[in-house]
>>> print(open('entry-v2.tsv').read())   # TSV, C-alpha atoms and all ligand atoms
chain	number	residue	atom	x	y	z
U	122	MET	CA	0.00	0.00	0.00
U	123	ASN	CA	1.27	3.45	-0.67
U	124	GLU	CA	1.62	6.03	2.03
U	125	PRO	CA	-1.15	8.56	1.21
U	126	GLU	CA	-3.72	5.75	1.21
U	127	ASP	CA	-2.36	4.35	4.48
U	128	ASN	CA	-2.66	7.78	6.03
U	129	LEU	CA	-6.22	8.29	4.86
U	130	ASP	CA	-7.21	4.80	6.05
U	131	ARG	CA	-5.72	5.55	9.46
U	132	ILE	CA	-7.58	8.84	9.78
U	133	ILE	CA	-10.91	7.36	8.63
U	134	GLY	CA	-10.46	4.38	11.01
U	135	ALA	CA	-9.64	6.70	13.90
U	136	HIS	CA	-12.96	8.50	13.41
U	137	TRP	CA	-14.84	5.20	13.80
U	138	ASN	CA	-12.74	4.13	16.76
U	139	LEU	CA	-13.48	7.37	18.61
U	140	HIS	CA	-17.19	6.51	18.43
U	141	ILE	CA	-16.46	2.99	19.71
U	142	LEU	CA	-14.76	4.68	22.68
U	143	GLY	CA	-17.80	6.95	23.16
U	144	ALA	CA	-20.16	3.95	23.16
U	145	ALA	CA	-17.87	2.07	25.58
U	146	VAL	CA	-18.05	5.01	28.00
U	147	ARG	CA	-21.84	5.38	27.73
U	148	LEU	CA	-22.39	1.62	28.14
U	149	GLY	CA	-20.02	1.54	31.12
U	150	ILE	CA	-18.04	-1.36	29.56
U	151	ALA	CA	-14.92	-0.51	31.59
U	152	ASP	CA	-16.82	-0.77	34.88
U	153	HIS	CA	-18.64	-3.94	33.81
U	154	LEU	CA	-15.33	-5.66	32.99
U	155	ALA	CA	-13.45	-4.32	36.02
U	156	GLU	CA	-14.09	-7.46	38.08
U	157	GLY	CA	-12.86	-9.86	35.38
U	158	PRO	CA	-13.76	-11.32	31.96
U	159	ARG	CA	-17.42	-11.77	30.96
U	160	THR	CA	-19.24	-13.50	28.14
U	161	VAL	CA	-21.04	-11.49	25.48
U	162	VAL	CA	-24.44	-12.67	26.76
U	163	ASP	CA	-23.59	-11.75	30.34
U	164	LEU	CA	-22.32	-8.31	29.27
U	165	ALA	CA	-25.40	-7.75	27.07
U	166	LYS	CA	-27.57	-8.39	30.15
U	167	ALA	CA	-25.41	-6.09	32.31
U	168	VAL	CA	-25.70	-3.14	29.89
U	169	GLY	CA	-29.41	-3.77	29.23
U	170	ALA	CA	-29.00	-4.55	25.50
U	171	ASN	CA	-31.80	-6.15	23.43
U	172	SER	CA	-29.42	-8.16	21.30
U	173	ALA	CA	-26.29	-10.05	22.30
U	174	ASN	CA	-25.33	-10.06	18.59
U	175	ALA	CA	-24.89	-6.29	18.51
U	176	VAL	CA	-22.89	-6.39	21.73
U	177	GLY	CA	-20.67	-9.16	20.26
U	178	ALA	CA	-20.07	-7.10	17.10
U	179	PHE	CA	-19.30	-4.04	19.21
U	180	LEU	CA	-16.75	-5.95	21.34
U	181	SER	CA	-15.12	-7.38	18.26
U	182	ASN	CA	-14.68	-3.84	16.88
U	183	ALA	CA	-13.29	-2.74	20.24
U	184	GLU	CA	-10.88	-5.69	20.22
U	185	SER	CA	-9.53	-4.66	16.78
U	186	PHE	CA	-7.71	-1.66	18.29
U	187	GLY	CA	-6.91	-3.11	21.70
U	188	LEU	CA	-9.71	-1.65	23.79
U	189	VAL	CA	-10.81	-5.12	25.01
U	190	ARG	CA	-9.13	-8.55	24.86
U	191	ARG	CA	-10.84	-11.78	23.81
U	192	VAL	CA	-9.80	-14.37	26.39
U	193	GLU	CA	-11.57	-17.32	24.77
U	194	GLY	CA	-14.58	-17.88	22.49
U	195	ASP	CA	-17.06	-15.20	23.43
U	196	ARG	CA	-15.47	-14.08	26.71
U	197	PHE	CA	-13.89	-10.60	26.80
U	198	ALA	CA	-11.57	-8.95	29.33
U	199	GLU	CA	-10.47	-5.37	29.93
U	200	THR	CA	-7.12	-3.97	28.74
U	201	PRO	CA	-5.08	-1.17	30.40
U	202	MET	CA	-6.57	1.19	27.78
U	203	LEU	CA	-10.13	0.28	28.77
U	204	ALA	CA	-9.27	0.66	32.47
U	205	LEU	CA	-8.58	4.37	31.77
U	206	LEU	CA	-12.28	4.73	30.88
U	207	ARG	CA	-13.59	3.46	34.23
U	208	ARG	CA	-15.74	5.75	36.31
U	209	ASP	CA	-12.75	6.32	38.61
U	210	GLY	CA	-10.21	6.19	35.75
U	211	GLY	CA	-9.49	9.92	35.42
U	212	ALA	CA	-9.59	12.45	32.65
U	213	TYR	CA	-10.00	10.27	29.56
U	214	ARG	CA	-13.54	9.22	30.36
U	215	ASN	CA	-14.65	12.87	30.41
U	216	ILE	CA	-12.74	13.77	27.27
U	217	VAL	CA	-14.25	10.87	25.32
U	218	SER	CA	-17.74	11.47	26.60
U	219	MET	CA	-17.52	15.19	25.87
U	220	LEU	CA	-16.03	14.84	22.37
U	221	THR	CA	-18.45	12.15	21.23
U	222	GLY	CA	-21.58	13.84	22.60
U	223	PRO	CA	-23.87	15.58	20.06
U	224	GLY	CA	-23.16	19.00	21.65
U	225	LEU	CA	-19.56	19.10	20.43
U	226	CYS	CA	-19.84	16.60	17.54
U	227	ARG	CA	-22.78	17.92	15.56
U	228	PRO	CA	-21.42	21.46	15.02
U	229	LEU	CA	-18.37	19.89	13.35
U	230	GLU	CA	-20.39	17.80	10.87
U	231	MET	CA	-20.51	20.76	8.46
U	232	LEU	CA	-17.09	22.20	9.19
U	233	HIS	CA	-16.79	23.46	5.60
U	234	ARG	CA	-19.62	25.93	6.35
U	235	VAL	CA	-17.67	27.26	9.33
U	236	VAL	CA	-14.63	27.73	7.08
U	237	LEU	CA	-16.68	29.41	4.34
U	238	ARG	CA	-18.64	31.74	6.58
U	239	GLY	CA	-16.07	32.32	9.31
U	240	ARG	CA	-18.64	31.61	11.99
U	241	SER	CA	-20.05	28.76	14.04
U	242	HIS	CA	-22.51	26.16	12.73
U	243	THR	CA	-23.78	25.32	16.23
U	244	GLU	CA	-27.12	27.17	16.05
U	245	GLU	CA	-28.05	25.26	12.86
U	246	ALA	CA	-26.70	21.92	14.10
U	247	LEU	CA	-28.20	21.95	17.60
U	248	GLY	CA	-31.04	24.43	17.12
U	249	GLN	CA	-29.49	26.58	19.88
U	250	GLY	CA	-26.13	27.78	21.19
U	251	LEU	CA	-23.87	25.40	23.11
U	252	TRP	CA	-24.55	26.86	26.58
U	253	SER	CA	-28.29	26.69	26.13
U	254	TYR	CA	-27.93	23.12	24.72
U	255	TYR	CA	-26.02	22.18	27.88
U	256	GLN	CA	-28.88	23.54	30.01
U	257	ASP	CA	-31.20	21.08	28.25
U	258	ASN	CA	-28.72	18.17	28.31
U	259	PRO	CA	-27.36	17.89	31.86
U	260	GLU	CA	-25.34	14.69	31.32
U	261	GLU	CA	-23.31	16.21	28.51
U	262	ALA	CA	-23.00	19.42	30.50
U	263	ALA	CA	-21.61	17.44	33.44
U	264	SER	CA	-18.98	15.75	31.21
U	265	PHE	CA	-17.94	19.15	29.89
U	266	ALA	CA	-17.73	20.66	33.39
U	267	ASP	CA	-15.79	17.64	34.71
U	268	PHE	CA	-13.37	17.99	31.80
U	269	MET	CA	-12.96	21.70	32.56
U	270	SER	CA	-12.29	20.77	36.21
U	271	GLU	CA	-9.41	18.48	35.16
U	272	LEU	CA	-7.92	21.26	33.03
U	273	SER	CA	-8.48	23.86	35.74
U	274	GLY	CA	-6.60	21.75	38.26
U	275	MET	CA	-3.61	21.71	35.91
U	276	VAL	CA	-3.91	25.41	35.19
U	277	ALA	CA	-4.09	26.14	38.94
U	278	ASP	CA	-0.78	24.26	39.37
U	279	SER	CA	0.72	26.60	36.81
U	280	VAL	CA	-0.94	29.89	37.82
U	281	LEU	CA	-0.92	29.81	41.64
U	282	PRO	CA	2.88	29.93	42.01
U	283	ARG	CA	3.10	32.96	39.70
U	284	TYR	CA	0.06	35.06	40.63
U	285	SER	CA	-0.64	36.13	44.22
U	286	PHE	CA	-4.18	36.44	45.58
U	287	SER	CA	-2.84	37.72	48.89
U	288	GLY	CA	-5.10	40.38	50.47
U	289	ARG	CA	-7.96	39.58	48.06
U	290	ASN	CA	-10.61	38.53	50.54
U	291	LYS	CA	-13.55	38.34	48.18
U	292	ILE	CA	-12.72	36.55	44.94
U	293	ILE	CA	-15.42	36.53	42.27
U	294	ASP	CA	-15.01	33.71	39.74
U	295	VAL	CA	-17.08	34.77	36.75
U	296	GLY	CA	-18.12	31.75	34.63
U	297	GLY	CA	-16.48	29.54	37.26
U	298	SER	CA	-18.20	26.26	36.26
U	299	ASN	CA	-17.66	23.50	38.89
U	300	GLY	CA	-15.53	25.83	40.99
U	301	THR	CA	-12.32	23.83	40.76
U	302	PHE	CA	-10.11	26.85	40.11
U	303	LEU	CA	-11.77	28.86	42.88
U	304	SER	CA	-11.40	25.94	45.33
U	305	ARG	CA	-7.70	25.69	44.62
U	306	ILE	CA	-7.28	29.41	45.39
U	307	LEU	CA	-9.34	29.16	48.59
U	308	MET	CA	-7.29	26.19	49.78
U	309	GLU	CA	-4.11	28.20	49.34
U	310	TYR	CA	-5.52	31.39	50.91
U	311	PRO	CA	-7.45	30.33	54.06
U	312	ASP	CA	-8.63	33.89	54.84
U	313	ALA	CA	-10.27	34.38	51.44
U	314	ALA	CA	-13.91	33.80	50.52
U	315	GLY	CA	-15.28	33.27	47.04
U	316	VAL	CA	-18.31	33.99	44.91
U	317	LEU	CA	-18.98	31.44	42.20
U	318	PHE	CA	-20.95	32.96	39.36
U	319	ASP	CA	-22.24	30.96	36.37
U	320	LEU	CA	-25.49	30.04	34.63
U	321	PRO	CA	-28.11	28.79	37.13
U	322	ASN	CA	-28.00	25.13	36.00
U	323	VAL	CA	-24.20	25.07	36.33
U	324	ILE	CA	-24.32	26.58	39.82
U	325	GLU	CA	-26.42	23.70	41.15
U	326	ARG	CA	-23.69	21.20	40.19
U	327	ALA	CA	-20.96	23.47	41.53
U	328	ARG	CA	-22.61	23.49	44.98
U	329	ARG	CA	-22.08	19.73	45.28
U	330	ASN	CA	-18.49	19.95	44.06
U	331	ILE	CA	-17.57	22.72	46.51
U	332	ALA	CA	-19.35	20.96	49.40
U	333	GLU	CA	-17.38	17.76	48.69
U	334	GLN	CA	-14.21	19.78	49.19
U	335	GLY	CA	-15.41	21.12	52.53
U	336	LEU	CA	-15.49	24.71	51.24
U	337	ALA	CA	-19.26	25.36	51.22
U	338	ALA	CA	-19.09	27.84	54.12
U	339	ARG	CA	-16.59	30.02	52.24
U	340	VAL	CA	-18.39	30.21	48.89
U	341	GLU	CA	-21.46	32.13	47.85
U	342	PHE	CA	-23.23	30.78	44.75
U	343	VAL	CA	-24.83	33.18	42.32
U	344	GLY	CA	-26.64	32.13	39.13
U	345	GLY	CA	-27.07	34.57	36.25
U	346	SER	CA	-25.65	35.70	32.92
U	347	PHE	CA	-22.37	37.60	32.71
U	348	LEU	CA	-23.71	39.29	29.60
U	349	GLU	CA	-26.22	41.09	31.83
U	350	GLU	CA	-24.80	41.52	35.35
U	351	VAL	CA	-22.01	40.28	37.60
U	352	PRO	CA	-22.01	40.29	41.45
U	353	GLU	CA	-20.75	43.59	42.89
U	354	GLY	CA	-18.11	44.41	45.46
U	355	GLY	CA	-15.37	41.85	44.83
U	356	ASP	CA	-11.70	42.42	45.67
U	357	ILE	CA	-10.76	40.65	42.45
U	358	TYR	CA	-12.68	39.35	39.42
U	359	LEU	CA	-11.57	36.24	37.55
U	360	LEU	CA	-12.44	35.26	33.99
U	361	LYS	CA	-10.77	31.93	33.35
U	362	SER	CA	-11.24	30.28	29.94
U	363	VAL	CA	-14.24	32.49	29.26
U	364	LEU	CA	-13.18	35.12	26.69
U	365	SER	CA	-11.92	32.52	24.20
U	366	ASP	CA	-15.56	31.28	24.00
U	367	TRP	CA	-16.91	34.58	22.69
U	368	ASP	CA	-16.70	37.03	19.78
U	369	ASP	CA	-15.20	40.49	20.35
U	370	GLU	CA	-18.47	42.29	20.95
U	371	SER	CA	-19.57	39.79	23.63
U	372	CYS	CA	-16.12	39.88	25.26
U	373	VAL	CA	-16.30	43.67	25.63
U	374	ARG	CA	-19.76	43.23	27.12
U	375	ILE	CA	-18.56	40.59	29.64
U	376	LEU	CA	-15.49	42.67	30.59
U	377	SER	CA	-17.67	45.77	30.94
U	378	ARG	CA	-20.09	43.95	33.27
U	379	CYS	CA	-17.06	43.01	35.44
U	380	ARG	CA	-15.80	46.60	35.32
U	381	ASP	CA	-19.25	47.92	36.33
U	382	ALA	CA	-19.36	45.53	39.31
U	383	ALA	CA	-15.78	46.11	40.48
U	384	PRO	CA	-14.86	49.03	42.76
U	385	PRO	CA	-12.22	51.39	41.15
U	386	GLY	CA	-8.69	49.99	41.42
U	387	THR	CA	-9.92	46.37	41.54
U	388	PRO	CA	-8.10	43.79	39.39
U	389	VAL	CA	-10.08	42.01	36.67
U	390	VAL	CA	-7.87	39.04	35.86
U	391	VAL	CA	-8.23	37.10	32.63
U	392	VAL	CA	-6.69	33.61	32.55
U	393	ASP	CA	-6.83	32.35	28.99
U	394	TRP	CA	-5.02	31.28	25.82
U	395	LEU	CA	-2.68	33.79	24.18
U	396	TYR	CA	-1.95	33.13	20.52
U	397	HIS	CA	1.76	33.12	19.80
U	398	ASP	CA	3.81	31.85	16.89
U	399	ASP	CA	5.99	29.36	18.76
U	400	SER	CA	2.98	27.02	19.23
U	401	LYS	CA	1.26	28.03	16.02
U	402	SER	CA	-0.21	24.64	15.09
U	403	LEU	CA	-1.72	24.10	18.57
U	404	PHE	CA	-3.26	27.57	18.63
U	405	ASP	CA	-4.54	27.29	15.05
U	406	ALA	CA	-6.28	24.04	16.04
U	407	LEU	CA	-7.79	25.59	19.17
U	408	ASP	CA	-8.80	28.70	17.23
U	409	LEU	CA	-10.80	26.72	14.63
U	410	ARG	CA	-12.47	24.56	17.31
U	411	GLN	CA	-13.51	27.65	19.26
U	412	LEU	CA	-14.86	29.28	16.09
U	413	ALA	CA	-16.77	26.14	15.06
U	414	ARG	CA	-18.34	25.46	18.42
U	415	VAL	CA	-18.99	28.79	20.07
U	416	ASP	CA	-17.92	31.63	17.72
U	417	GLY	CA	-14.91	32.08	19.97
U	418	LYS	CA	-11.23	32.51	19.18
U	419	VAL	CA	-7.67	32.43	20.48
U	420	ARG	CA	-6.48	36.05	20.59
U	421	THR	CA	-3.15	37.74	20.06
U	422	LEU	CA	-1.88	40.33	22.54
U	423	PRO	CA	-2.99	43.33	20.40
U	424	GLN	CA	-6.46	41.75	20.15
U	425	TYR	CA	-6.66	41.44	23.97
U	426	GLU	CA	-5.37	45.01	24.35
U	427	SER	CA	-8.14	46.26	22.13
U	428	LEU	CA	-10.81	44.40	24.17
U	429	PHE	CA	-9.45	45.79	27.46
U	430	GLU	CA	-9.29	49.31	26.03
U	431	SER	CA	-12.91	49.10	24.84
U	432	ALA	CA	-14.00	47.97	28.33
U	433	ALA	CA	-12.00	50.80	30.04
U	434	LEU	CA	-9.67	48.37	31.82
U	435	ASP	CA	-5.94	49.12	32.11
U	436	LEU	CA	-3.67	46.16	31.27
U	437	LYS	CA	-0.96	45.99	33.97
U	438	ARG	CA	0.68	42.63	33.51
U	439	VAL	CA	0.87	39.72	31.04
U	440	ASP	CA	2.32	36.52	32.46
U	441	ARG	CA	2.92	33.58	30.12
U	442	PRO	CA	3.70	30.08	31.50
U	443	ALA	CA	7.40	29.25	31.65
U	444	ASN	CA	8.88	26.77	29.17
U	445	GLY	CA	8.59	23.22	30.48
U	446	ASP	CA	5.50	24.07	32.56
U	447	ALA	CA	3.37	20.87	32.35
U	448	ALA	CA	0.11	22.78	32.13
U	449	GLY	CA	1.86	25.07	29.65
U	450	GLU	CA	2.04	22.20	27.18
U	451	TRP	CA	-1.45	20.85	27.62
U	452	ALA	CA	-3.37	23.97	28.49
U	453	PRO	CA	-1.05	26.90	27.85
U	454	THR	CA	-2.65	29.64	29.87
U	455	THR	CA	-1.58	33.26	30.20
U	456	VAL	CA	-2.57	35.58	33.06
U	457	PHE	CA	-3.63	39.12	32.05
U	458	GLU	CA	-4.01	41.43	35.01
U	459	THR	CA	-6.13	44.48	34.25
U	460	ILE	CA	-7.28	47.15	36.68
U	461	ARG	CA	-10.60	48.91	36.68
U	462	ARG	CA	-9.92	52.62	36.09
E	1	LIG	C1	-15.03	27.10	29.07
E	1	LIG	S1	-16.00	27.15	30.52
E	1	LIG	C2	-14.83	27.73	31.72
E	1	LIG	C3	-15.22	27.37	33.09
E	1	LIG	C4	-14.23	27.74	34.21
E	1	LIG	N1	-13.93	29.15	34.28
E	1	LIG	C5	-12.97	26.95	34.05
E	1	LIG	O1	-11.99	27.47	33.56
E	1	LIG	O2	-12.99	25.74	34.36
E	1	LIG	C6	-17.03	28.55	30.27
E	1	LIG	C7	-18.06	28.76	31.35
E	1	LIG	O3	-18.85	29.91	31.02
E	1	LIG	C8	-20.16	29.66	31.47
E	1	LIG	N2	-21.11	30.53	30.77
E	1	LIG	C9	-21.50	30.49	29.48
E	1	LIG	N3	-22.38	31.48	29.22
E	1	LIG	C10	-22.55	32.16	30.38
E	1	LIG	C11	-23.31	33.30	30.74
E	1	LIG	N4	-24.08	33.94	29.84
E	1	LIG	N5	-23.24	33.74	32.01
E	1	LIG	C12	-22.46	33.13	32.95
E	1	LIG	N6	-21.71	32.03	32.65
E	1	LIG	C13	-21.74	31.56	31.38
E	1	LIG	C14	-20.38	28.19	31.14
E	1	LIG	O4	-21.47	27.64	31.84
E	1	LIG	C15	-19.03	27.61	31.54
E	1	LIG	O5	-19.03	27.18	32.87
>>> encode(input="entry-v2.tsv", output="structure tokens", more="lines below")
Ligand SMILES: C[S@@+](CC[C@H](N)C(=O)[O-])C[C@H]1O[C@@H](n2cnc3c(N)ncnc32)[C@H](O)[C@@H]1O
Amino acid sequence: MNEPEDNLDRIIGAHWNLHILGAAVRLGIADHLAEGPRTVVDLAKAVGANSANAVGAFLSNAESFGLVRRVEGDRFAETPMLALLRRDGGAYRNIVSMLTGPGLCRPLEMLHRVVLRGRSHTEEALGQGLWSYYQDNPEEAASFADFMSELSGMVADSVLPRYSFSGRNKIIDVGGSNGTFLSRILMEYPDAAGVLFDLPNVIERARRNIAEQGLAARVEFVGGSFLEEVPEGGDIYLLKSVLSDWDDESCVRILSRCRDAAPPGTPVVVVDWLYHDDSKSLFDALDLRQLARVDGKVRTLPQYESLFESAALDLKRVDRPANGDAAGEWAPTTVFETIRR
């Protein structure tokens, strides 16, 4: 076989395999095989399938790329790869579930339209924007939020040593999702309290997450839209991984709502991707995904400067992750400290 055909076959096969992974996660195959090998009929019963034939065909597909192992006849066992998709297996389960869910998949079905028009196809594909789709589809929303929590933990490892929250007693995390980033700050600064602000459906899940960490008494939960209003009176406002989800006009609106809520001299801190040429291919990939899914983008420094200027915020500091920073490779996140005039 010649190389271009091999490459195309590999890419086409990978597409199919990703959906096998998605089905494995939704059927809970990793958890069902955690205690040892099972027959196809037994597994079909465990997952509640109508037909053992379909389950057998599915397992055979999964076996073809090493997700499960046939031990004999129709008995299948887990592999180390499948074990990563267990309920307690870590980040991969969330990534697979999020990427194979209709919310993030369907807007990419007509990617050529995104390229032609330079804007997202999500409204046509889902009949609504992604955030409103997540309100109606709580399981997918939970996978997305859990994935963001994993990333936020890594970003906190990178940001906390280089940005001090000392003396900031009331920290407002705007669009704070599950509250993982805020929790990490509160654990490091025992005198600080936080306000977690996000859409009302997201806030309900965040309450449980924060309570599990024993921080419920130090966090106030506020549901609403940052396009309309943000809680007043914070000592610092955080916008982590929010601006890259929005077009310029919406970003200026979100920043302006933070500025309106913040007393003069208060920092409004943006923690987000900064486009730079030394990781061009990564940022180009992220940029197109953001455009396709939410009409967002990865901005250059002059583009951020223009947003801050339009929202009457003074940019004081830009802090990029150091080379070799683990989170810097996976989730390269820059801190922009602005001050409300
Ligand atoms: C990419 S996530 C980032 C979450 C969190 N800051 C983090 O880094 O893990 C964007 C967040 O913005 C929230 N969001 C979207 N639209 C919103 C709105 N109009 N008002 C408030 N929050 C919103 C989403 O629910 C989501 O939690």
>>> residues_near_ligand(input="entry-v2.tsv", ligand="ligand LIG 1 (chain E)", cutoff="8 Å", atoms="only C-alpha atoms and all ligand atoms", output="JSON, numbers by chain")
{"U": [252, 266, 269, 270, 272, 273, 294, 295, 296, 297, 298, 299, 300, 301, 302, 318, 319, 320, 323, 344, 345, 346, 347, 348, 349, 360, 361, 362, 363, 365, 366]}
>>> atom_distance(input="entry-v2.tsv", atom1="atom CA of U:Gly211", atom2="atom CA of U:Ala262")
17.2 Å
>>> atom_distance(input="entry-v2.tsv", atom1="atom CA of U:Gly288", atom2="atom CA of U:Tyr358")
13.4 Å
>>> closest_residue(input="entry-v2.tsv", among="U:Gly355, U:Pro423, U:Gly143, U:Pro311", to="U:Cys226", atoms="all atoms listed in the file")
U:Gly143
>>> atom_distance(input="entry-v2.tsv", atom1="atom CA of U:Ala144", atom2="atom CA of U:Asp408")
27.9 Å
>>> closest_residue(input="entry-v2.tsv", among="U:Glu370, U:Asp257, U:Asp393, U:Asp130", to="U:Ser431", atoms="only C-alpha atoms")
U:Glu370
>>> residues_around(input="entry-v2.tsv", residues="U:Pro201", least_positions_apart="3", cutoff="12 Å", atoms="all atoms listed in the file", output="ChimeraX atom specification")
/U:151,154-155,187-190,198,204-207,210
>>> closest_residue(input="entry-v2.tsv", among="U:Ile132, U:Val415, U:Val280, U:Ile306", to="U:Ala443", atoms="all atoms listed in the file")
U:Val280
>>> residues_around(input="entry-v2.tsv", residues="U:Leu247", least_positions_apart="3", cutoff="9 Å", atoms="all atoms listed in the file", output="ChimeraX atom specification")
/U:223-224,227-228,242-244,250-251,254
>>> residues_near_point(input="entry-v2.tsv", point="(-16.2, 35.3, 16.2)", cutoff="9 Å", atoms="all atoms listed in the file", output="VMD selection string")
chain U and resid 239 to 241 366 to 370 411 to 412 415 to 418
>>> axis_aligned_box(input="entry-v2.tsv", around="stretch 354-370 of chain U", padding_each_side="3 Å", output="JSON")
{"center_x": -14.6, "center_y": 37.3, "center_z": 32.7, "size_x": 13.7, "size_y": 20.1, "size_z": 31.9}
